[in-house]
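Q: Sharing structure.cif, mmCIF, C-alpha atoms and all ligand atoms:
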```cif
data_entry
loop_
_atom_site.group_PDB
_atom_site.id
_atom_site.type_symbol
_atom_site.label_atom_id
_atom_site.label_comp_id
_atom_site.auth_asym_id
_atom_site.auth_seq_id
_atom_site.Cartn_x
_atom_site.Cartn_y
_atom_site.Cartn_z
ATOM 1 C CA MET A 16 -7.573 -23.465 -20.678
ATOM 2 C CA ILE A 17 -7.037 -20.779 -18.037
ATOM 3 C CA TYR A 18 -9.276 -17.757 -18.251
ATOM 4 C CA ASN A 19 -7.548 -14.445 -17.635
ATOM 5 C CA ARG A 20 -9.874 -11.459 -17.837
ATOM 6 C CA GLU A 21 -7.099 -8.873 -18.216
ATOM 7 C CA LYS A 22 -5.336 -10.857 -20.941
ATOM 8 C CA CYS A 23 -8.634 -11.195 -22.829
ATOM 9 C CA LEU A 24 -9.276 -7.444 -22.702
ATOM 10 C CA ILE A 25 -5.749 -6.584 -23.884
ATOM 11 C CA THR A 26 -5.967 -9.117 -26.751
ATOM 12 C CA LEU A 27 -9.413 -7.938 -27.894
ATOM 13 C CA LYS A 28 -8.412 -4.272 -27.777
ATOM 14 C CA LYS A 29 -5.332 -5.035 -29.899
ATOM 15 C CA ALA A 30 -7.535 -6.982 -32.330
ATOM 16 C CA PHE A 31 -9.867 -3.984 -32.620
ATOM 17 C CA GLU A 32 -6.938 -1.642 -33.308
ATOM 18 C CA ASN A 33 -5.678 -4.000 -36.010
ATOM 19 C CA MET A 34 -9.137 -4.101 -37.574
ATOM 20 C CA LEU A 35 -9.219 -0.277 -37.763
ATOM 21 C CA GLU A 36 -5.762 -0.288 -39.320
ATOM 22 C CA TYR A 37 -6.704 -2.976 -41.850
ATOM 23 C CA PHE A 38 -9.718 -0.973 -43.038
ATOM 24 C CA GLN A 39 -7.861 2.338 -42.639
ATOM 25 C CA MET A 40 -10.644 3.672 -40.452
ATOM 26 C CA ASN A 41 -8.750 6.481 -38.761
ATOM 27 C CA ASN A 42 -11.870 8.390 -37.749
ATOM 28 C CA ILE A 43 -13.304 5.761 -35.388
ATOM 29 C CA ASP A 44 -12.676 5.872 -31.648
ATOM 30 C CA ILE A 45 -11.864 2.604 -29.956
ATOM 31 C CA PRO A 46 -15.010 1.628 -28.035
ATOM 32 C CA ASN A 47 -14.980 0.574 -24.444
ATOM 33 C CA ILE A 48 -14.860 -3.238 -24.456
ATOM 34 C CA ALA A 49 -16.839 -4.602 -21.496
ATOM 35 C CA ILE A 50 -16.940 -8.227 -20.356
ATOM 36 C CA VAL A 51 -20.477 -8.861 -19.108
ATOM 37 C CA ASN A 52 -22.782 -11.552 -17.790
ATOM 38 C CA THR A 53 -26.196 -10.895 -19.291
ATOM 39 C CA ASN A 54 -28.855 -13.095 -20.833
ATOM 40 C CA ALA A 55 -28.752 -11.302 -24.203
ATOM 41 C CA ASP A 56 -29.062 -13.636 -27.204
ATOM 42 C CA GLU A 57 -25.914 -12.262 -28.781
ATOM 43 C CA VAL A 58 -22.445 -13.204 -27.552
ATOM 44 C CA ILE A 59 -20.978 -9.899 -28.753
ATOM 45 C CA TYR A 60 -23.120 -6.789 -29.186
ATOM 46 C CA PRO A 61 -22.807 -2.990 -29.139
ATOM 47 C CA ASP A 62 -24.938 -0.348 -27.439
ATOM 48 C CA ASP A 63 -26.807 2.072 -29.710
ATOM 49 C CA SER A 64 -23.958 4.610 -29.774
ATOM 50 C CA LYS A 65 -21.436 1.834 -30.665
ATOM 51 C CA MET A 66 -19.139 3.424 -28.067
ATOM 52 C CA ASN A 67 -19.476 0.325 -25.908
ATOM 53 C CA ILE A 68 -19.153 -3.225 -27.048
ATOM 54 C CA PHE A 69 -20.200 -6.058 -24.763
ATOM 55 C CA ILE A 70 -18.841 -9.577 -24.777
ATOM 56 C CA GLN A 71 -20.247 -12.401 -22.660
ATOM 57 C CA GLU A 72 -17.880 -13.668 -19.988
ATOM 58 C CA ASN A 73 -19.127 -17.249 -20.324
ATOM 59 C CA PHE A 74 -18.078 -17.279 -23.954
ATOM 60 C CA LEU A 75 -14.557 -16.116 -23.046
ATOM 61 C CA LYS A 76 -14.330 -18.613 -20.193
ATOM 62 C CA ASN A 77 -15.296 -21.579 -22.366
ATOM 63 C CA THR A 78 -13.558 -20.725 -25.635
ATOM 64 C CA PRO A 79 -9.835 -20.680 -26.469
ATOM 65 C CA LEU A 80 -8.745 -17.034 -26.794
ATOM 66 C CA SER A 81 -7.387 -17.586 -30.341
ATOM 67 C CA PHE A 82 -10.865 -18.585 -31.518
ATOM 68 C CA ALA A 83 -12.716 -16.010 -29.381
ATOM 69 C CA ASN A 84 -10.503 -13.399 -31.014
ATOM 70 C CA LEU A 85 -11.559 -14.504 -34.532
ATOM 71 C CA VAL A 86 -15.236 -14.374 -33.529
ATOM 72 C CA PHE A 87 -14.731 -10.946 -31.917
ATOM 73 C CA ILE A 88 -13.146 -9.470 -35.066
ATOM 74 C CA HIS A 89 -15.866 -11.076 -37.223
ATOM 75 C CA GLU A 90 -18.594 -9.415 -35.125
ATOM 76 C CA CYS A 91 -16.797 -6.046 -34.991
ATOM 77 C CA ILE A 92 -16.593 -6.065 -38.811
ATOM 78 C CA HIS A 93 -20.377 -6.576 -38.962
ATOM 79 C CA ILE A 94 -20.894 -3.749 -36.447
ATOM 80 C CA TYR A 95 -18.345 -1.091 -37.505
ATOM 81 C CA VAL A 96 -17.591 -1.906 -41.172
ATOM 82 C CA HIS A 97 -20.705 -3.567 -42.623
ATOM 83 C CA MET A 98 -23.034 -1.378 -40.514
ATOM 84 C CA ILE A 99 -25.043 -4.423 -39.442
ATOM 85 C CA PRO A 100 -24.816 -3.908 -35.673
ATOM 86 C CA LYS A 101 -27.608 -6.139 -34.375
ATOM 87 C CA ALA A 102 -29.147 -9.528 -35.191
ATOM 88 C CA LYS A 103 -32.359 -7.737 -36.207
ATOM 89 C CA ASP A 104 -30.390 -5.784 -38.864
ATOM 90 C CA ALA A 105 -29.057 -9.047 -40.292
ATOM 91 C CA ARG A 106 -32.610 -10.436 -40.398
ATOM 92 C CA TYR A 107 -33.739 -7.300 -42.245
ATOM 93 C CA ILE A 108 -31.027 -7.744 -44.910
ATOM 94 C CA LYS A 109 -32.038 -11.387 -45.271
ATOM 95 C CA ASP A 110 -35.676 -10.359 -45.788
ATOM 96 C CA CYS A 111 -34.721 -7.723 -48.383
ATOM 97 C CA PHE A 112 -31.960 -9.484 -50.334
ATOM 98 C CA GLY A 113 -32.212 -13.170 -49.445
ATOM 99 C CA THR A 114 -29.932 -15.576 -47.586
ATOM 100 C CA ALA A 115 -27.115 -15.401 -50.145
ATOM 101 C CA MET A 116 -26.487 -11.747 -49.342
ATOM 102 C CA ILE A 117 -26.107 -12.295 -45.610
ATOM 103 C CA ASP A 118 -23.864 -15.322 -46.335
ATOM 104 C CA ILE A 119 -21.595 -13.061 -48.417
ATOM 105 C CA PHE A 120 -21.355 -10.543 -45.560
ATOM 106 C CA ASP A 121 -20.440 -13.452 -43.282
ATOM 107 C CA ILE A 122 -17.792 -14.810 -45.657
ATOM 108 C CA ASP A 123 -16.350 -11.308 -45.988
ATOM 109 C CA ALA A 124 -16.169 -11.016 -42.177
ATOM 110 C CA ASP A 125 -14.552 -14.489 -41.922
ATOM 111 C CA VAL A 126 -11.875 -13.710 -44.518
ATOM 112 C CA CYS A 127 -11.059 -10.280 -43.076
ATOM 113 C CA SER A 128 -10.979 -11.682 -39.547
ATOM 114 C CA PHE A 129 -8.510 -14.356 -40.746
ATOM 115 C CA LEU A 130 -6.302 -11.778 -42.521
ATOM 116 C CA ILE A 131 -6.364 -9.426 -39.508
ATOM 117 C CA SER A 132 -5.518 -12.275 -37.085
ATOM 118 C CA LYS A 133 -2.743 -13.352 -39.439
ATOM 119 C CA LYS A 134 -1.283 -9.864 -39.220
ATOM 120 C CA LEU A 135 -1.786 -9.818 -35.453
ATOM 121 C CA ASN A 136 0.218 -13.056 -35.251
ATOM 122 C CA CYS A 137 2.977 -11.642 -37.495
ATOM 123 C CA ASN A 138 2.021 -13.985 -40.340
ATOM 124 C CA HIS A 139 2.312 -17.130 -38.221
ATOM 125 C CA LEU A 140 -1.344 -17.937 -38.757
ATOM 126 C CA ASN A 141 -2.045 -20.061 -41.816
ATOM 127 C CA PHE A 142 -5.039 -21.987 -43.128
ATOM 128 C CA LYS A 143 -4.096 -25.216 -41.321
ATOM 129 C CA GLN A 144 -3.805 -23.461 -37.975
ATOM 130 C CA TYR A 145 -7.005 -21.582 -38.654
ATOM 131 C CA MET A 146 -8.787 -24.913 -39.110
ATOM 132 C CA LEU A 147 -7.332 -26.085 -35.789
ATOM 133 C CA PHE A 148 -8.528 -22.936 -34.012
ATOM 134 C CA VAL A 149 -11.971 -23.339 -35.543
ATOM 135 C CA SER A 150 -12.310 -27.045 -34.715
ATOM 136 C CA GLU A 151 -11.117 -26.364 -31.142
ATOM 137 C CA GLY A 152 -13.491 -23.405 -30.814
ATOM 138 C CA GLN A 153 -16.432 -25.363 -32.227
ATOM 139 C CA LYS A 154 -16.400 -27.656 -29.190
ATOM 140 C CA SER A 155 -17.607 -24.856 -26.970
ATOM 141 C CA PHE A 156 -19.161 -22.532 -29.557
ATOM 142 C CA PRO A 157 -20.773 -24.567 -32.340
ATOM 143 C CA ILE A 158 -21.029 -21.700 -34.788
ATOM 144 C CA THR A 159 -21.267 -23.823 -37.946
ATOM 145 C CA LYS A 160 -24.467 -25.484 -36.725
ATOM 146 C CA GLN A 161 -26.351 -22.464 -37.949
ATOM 147 C CA HIS A 162 -24.340 -22.106 -41.119
ATOM 148 C CA GLN A 163 -25.640 -22.791 -44.551
ATOM 149 C CA THR A 164 -23.510 -25.193 -46.572
ATOM 150 C CA CYS A 165 -22.775 -22.476 -49.152
ATOM 151 C CA ARG A 166 -21.483 -20.183 -46.445
ATOM 152 C CA LEU A 167 -19.280 -22.880 -44.912
ATOM 153 C CA ILE A 168 -17.772 -23.988 -48.250
ATOM 154 C CA GLY A 169 -17.424 -20.352 -49.315
ATOM 155 C CA SER A 170 -15.666 -19.315 -46.104
ATOM 156 C CA LEU A 171 -13.181 -22.177 -46.076
ATOM 157 C CA MET A 172 -12.309 -21.846 -49.754
ATOM 158 C CA SER A 173 -12.040 -18.055 -49.531
ATOM 159 C CA ILE A 174 -9.706 -18.223 -46.546
ATOM 160 C CA PHE A 175 -7.612 -20.956 -48.132
ATOM 161 C CA VAL A 176 -7.032 -19.064 -51.392
ATOM 162 C CA SER A 177 -6.651 -15.680 -49.643
ATOM 163 C CA ASP A 178 -3.860 -17.270 -47.605
ATOM 164 C CA ILE A 179 -2.134 -18.684 -50.721
ATOM 165 C CA PHE A 180 -2.421 -15.594 -52.902
ATOM 166 C CA CYS A 181 -1.995 -13.078 -50.031
ATOM 167 C CA LYS A 182 -5.036 -11.135 -51.231
ATOM 168 C CA LYS A 183 -8.581 -10.800 -50.041
ATOM 169 C CA ILE A 184 -10.545 -13.233 -52.199
ATOM 170 C CA ILE A 185 -14.222 -13.956 -51.586
ATOM 171 C CA ILE A 186 -15.724 -17.098 -53.083
ATOM 172 C CA TYR A 187 -19.443 -17.648 -52.931
ATOM 173 C CA PRO A 188 -20.834 -20.888 -54.337
ATOM 174 C CA GLU A 189 -24.574 -21.151 -54.875
ATOM 175 C CA ILE A 190 -25.411 -24.837 -54.997
ATOM 176 C CA VAL A 191 -27.838 -25.995 -57.689
ATOM 177 C CA PRO A 192 -30.207 -28.372 -55.891
ATOM 178 C CA PHE A 193 -30.007 -32.088 -56.841
ATOM 179 C CA GLU A 194 -27.403 -31.523 -59.541
ATOM 180 C CA ASN A 195 -24.051 -31.549 -57.742
ATOM 181 C CA LEU A 196 -23.255 -28.254 -59.382
ATOM 182 C CA ALA A 197 -22.447 -24.838 -57.988
ATOM 183 C CA ASN A 198 -22.456 -21.420 -59.626
ATOM 184 C CA VAL A 199 -19.590 -19.461 -58.200
ATOM 185 C CA ILE A 200 -19.083 -15.744 -57.656
ATOM 186 C CA ILE A 201 -15.499 -14.707 -57.023
ATOM 187 C CA GLN A 202 -14.481 -11.305 -55.758
ATOM 188 C CA ILE A 203 -10.811 -10.352 -55.819
ATOM 189 C CA GLU A 204 -10.080 -7.148 -53.925
ATOM 190 C CA GLY A 205 -13.192 -5.385 -55.160
ATOM 191 C CA SER A 206 -13.531 -6.856 -58.694
ATOM 192 C CA MET A 207 -16.194 -9.499 -59.195
ATOM 193 C CA PHE A 208 -16.233 -12.503 -61.504
ATOM 194 C CA PHE A 209 -18.745 -15.177 -62.283
ATOM 195 C CA LEU A 210 -17.628 -18.760 -62.773
ATOM 196 C CA GLU A 211 -20.303 -20.894 -64.381
ATOM 197 C CA ALA A 212 -21.528 -24.130 -62.852
ATOM 198 C CA VAL A 213 -18.746 -26.355 -61.554
ATOM 199 C CA ASP A 214 -19.037 -29.962 -60.452
ATOM 200 C CA ILE A 215 -19.107 -30.344 -56.688
ATOM 201 C CA SER A 216 -19.833 -34.092 -56.517
ATOM 202 C CA GLU A 217 -16.352 -34.784 -55.121
ATOM 203 C CA PHE A 218 -16.389 -31.797 -52.829
ATOM 204 C CA ASN A 219 -15.401 -32.489 -49.268
ATOM 205 C CA THR A 220 -14.293 -29.775 -46.864
ATOM 206 C CA LYS A 221 -11.433 -32.031 -45.709
ATOM 207 C CA ASN A 222 -10.108 -32.008 -49.299
ATOM 208 C CA ILE A 223 -9.834 -28.256 -49.607
ATOM 209 C CA PRO A 224 -6.079 -28.081 -49.046
ATOM 210 C CA ASN A 225 -5.378 -31.127 -51.236
ATOM 211 C CA PHE A 226 -6.209 -29.682 -54.654
ATOM 212 C CA ASP A 227 -7.904 -32.925 -55.617
ATOM 213 C CA ASN A 228 -11.502 -31.983 -56.081
ATOM 214 C CA PHE A 229 -12.922 -30.576 -59.226
ATOM 215 C CA MET A 230 -14.504 -27.498 -57.720
ATOM 216 C CA PHE A 231 -11.346 -26.438 -55.996
ATOM 217 C CA ASN A 232 -9.195 -27.101 -59.083
ATOM 218 C CA LYS A 233 -11.418 -25.036 -61.304
ATOM 219 C CA ILE A 234 -11.383 -22.079 -58.894
ATOM 220 C CA TYR A 235 -7.651 -22.395 -58.364
ATOM 221 C CA GLN A 236 -6.933 -22.445 -62.123
ATOM 222 C CA PHE A 237 -9.148 -19.415 -62.549
ATOM 223 C CA LEU A 238 -7.234 -17.500 -59.855
ATOM 224 C CA GLU A 239 -3.834 -18.524 -61.228
ATOM 225 C CA LYS A 240 -4.845 -17.228 -64.643
ATOM 226 C CA ARG A 241 -6.132 -13.929 -63.217
ATOM 227 C CA PHE A 242 -2.914 -13.311 -61.352
ATOM 228 C CA GLU A 243 -0.755 -13.897 -64.439
ATOM 229 C CA PHE A 244 -1.784 -10.474 -65.691
HETATM 230 ZN ZN ZN A 301 -21.528 -13.146 -38.976
#
```
Rewrite the coordinates I just gave you, this time as structure tokens.
Ligand SMILES: [Zn+2]
A:
Amino acid sequence: MIYNREKCLITLKKAFENMLEYFQMNNIDIPNIAIVNTNADEVIYPDDSKMNIFIQENFLKNTPLSFANLVFIHECIHIYVHMIPKAKDARYIKDCFGTAMIDIFDIDADVCSFLISKKLNCNHLNFKQYMLFVSEGQKSFPITKQHQTCRLIGSLMSIFVSDIFCKKIIIYPEIVPFENLANVIIQIEGSMFFLEAVDISEFNTKNIPNFDNFMFNKIYQFLEKRFEF
């Protein structure tokens, strides 16, 4: 992996422009993207005016650009779309609304970052490649270590079905402790649905693309039915 500072800046700027286009945010100026070496806790963070966004050079040096790009878009969505610019803001939401709410913001950012990167790559990015990018990126940036299981399952399933149905679909499973069941909230381009407890005993993240676990089947059937109308 060869680090090229200029190439990184060009790629990240393009990603930001695509994010603005995706959300149709015509009134936002593109911030100055600065590669820095600081000891801030966050890998990507804005200044108070949000006119400057900082990204740690070490992160770019040690992470494949395809994955760094996904993380960059994810963070920019938190900052410029969700209005959750700093880690302290995320903690505040967690305190007010609980972990599930912050997980849903994260899943939303993951799905949008996938769809934006897909567009950036002229539709050449699919779920399988996404998984490759993520597993490659995890070696240097173990993001899922901090993830809740619900968030991880939710993100992967959401991205998988969004890719199939070419729509933004958010799936959030809330696991019922000790019962191998999950209550599922599904949001399809703004409309929300509740799917009552589904069996997750066979659930395995490796099985997601294989249609052979009960949870996935039930969600898939539900989506197929919705899209018949
Ligand atoms: Zn996040």
Q: Which polymer residues have any atom within 6 Å of an atom of segment 206-220 of chain A, counting only C-alpha atoms, with same-chain residues fewer than 6 positions away left out, as a PyMOL selection string?
A: chain A and resi 195-200+228+230
Q: Can you tell me how far atom CA of Ile203 of chain A sits from atom CA of Ile190 of chain A, in Å to one decimal?
A: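 Atom CA of Ile190 of chain A lies 20.6 Å from atom CA of Ile203 of chain A.
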Q: For the atom pair atom CA of Leu75 of chain A and atom CA of Tyr18 of chain A, what is the interatomic distance in Å to one decimal place?
A: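 Separation between atom CA of Leu75 of chain A and atom CA of Tyr18 of chain A: 7.3 Å.
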Q: Evaluate the PyMOL selection byres (((not hetatm)) within 12 of (chain A and resi 301)) and record the selected residues as number ranges by chain, following the chain and residue labels used in the document.
A: A: 57-60, 85-94, 97-102, 104-106, 116-128, 158-159, 161-163, 166-167, 170
Q: Could the residues in this selection be saved with C-alpha atoms as a short mmCIF file (atom, residue, chain, number, x, y, z; two decimals), keeping the file's coordinate frame?
A:
```cif
data_model
loop_
_atom_site.label_atom_id
_atom_site.label_comp_id
_atom_site.auth_asym_id
_atom_site.auth_seq_id
_atom_site.Cartn_x
_atom_site.Cartn_y
_atom_site.Cartn_z
CA GLU A 57 -25.91 -12.26 -28.78
CA VAL A 58 -22.44 -13.20 -27.55
CA ILE A 59 -20.98 -9.90 -28.75
CA TYR A 60 -23.12 -6.79 -29.19
CA LEU A 85 -11.56 -14.50 -34.53
CA VAL A 86 -15.24 -14.37 -33.53
CA PHE A 87 -14.73 -10.95 -31.92
CA ILE A 88 -13.15 -9.47 -35.07
CA HIS A 89 -15.87 -11.08 -37.22
CA GLU A 90 -18.59 -9.41 -35.12
CA CYS A 91 -16.80 -6.05 -34.99
CA ILE A 92 -16.59 -6.06 -38.81
CA HIS A 93 -20.38 -6.58 -38.96
CA ILE A 94 -20.89 -3.75 -36.45
CA HIS A 97 -20.70 -3.57 -42.62
CA MET A 98 -23.03 -1.38 -40.51
CA ILE A 99 -25.04 -4.42 -39.44
CA PRO A 100 -24.82 -3.91 -35.67
CA LYS A 101 -27.61 -6.14 -34.38
CA ALA A 102 -29.15 -9.53 -35.19
CA ASP A 104 -30.39 -5.78 -38.86
CA ALA A 105 -29.06 -9.05 -40.29
CA ARG A 106 -32.61 -10.44 -40.40
CA MET A 116 -26.49 -11.75 -49.34
CA ILE A 117 -26.11 -12.30 -45.61
CA ASP A 118 -23.86 -15.32 -46.34
CA ILE A 119 -21.60 -13.06 -48.42
CA PHE A 120 -21.36 -10.54 -45.56
CA ASP A 121 -20.44 -13.45 -43.28
CA ILE A 122 -17.79 -14.81 -45.66
CA ASP A 123 -16.35 -11.31 -45.99
CA ALA A 124 -16.17 -11.02 -42.18
CA ASP A 125 -14.55 -14.49 -41.92
CA VAL A 126 -11.88 -13.71 -44.52
CA CYS A 127 -11.06 -10.28 -43.08
CA SER A 128 -10.98 -11.68 -39.55
CA ILE A 158 -21.03 -21.70 -34.79
CA THR A 159 -21.27 -23.82 -37.95
CA GLN A 161 -26.35 -22.46 -37.95
CA HIS A 162 -24.34 -22.11 -41.12
CA GLN A 163 -25.64 -22.79 -44.55
CA ARG A 166 -21.48 -20.18 -46.44
CA LEU A 167 -19.28 -22.88 -44.91
CA SER A 170 -15.67 -19.32 -46.10
#
```
Q: For each of A:Leu80, A:Ile131, A:Cys137, A:Met146, take the minimum atom-to-atom distance to Lys182 of chain A, counting all atoms listed in the file, then give the residue where this is smallest.
A: A:Ile131
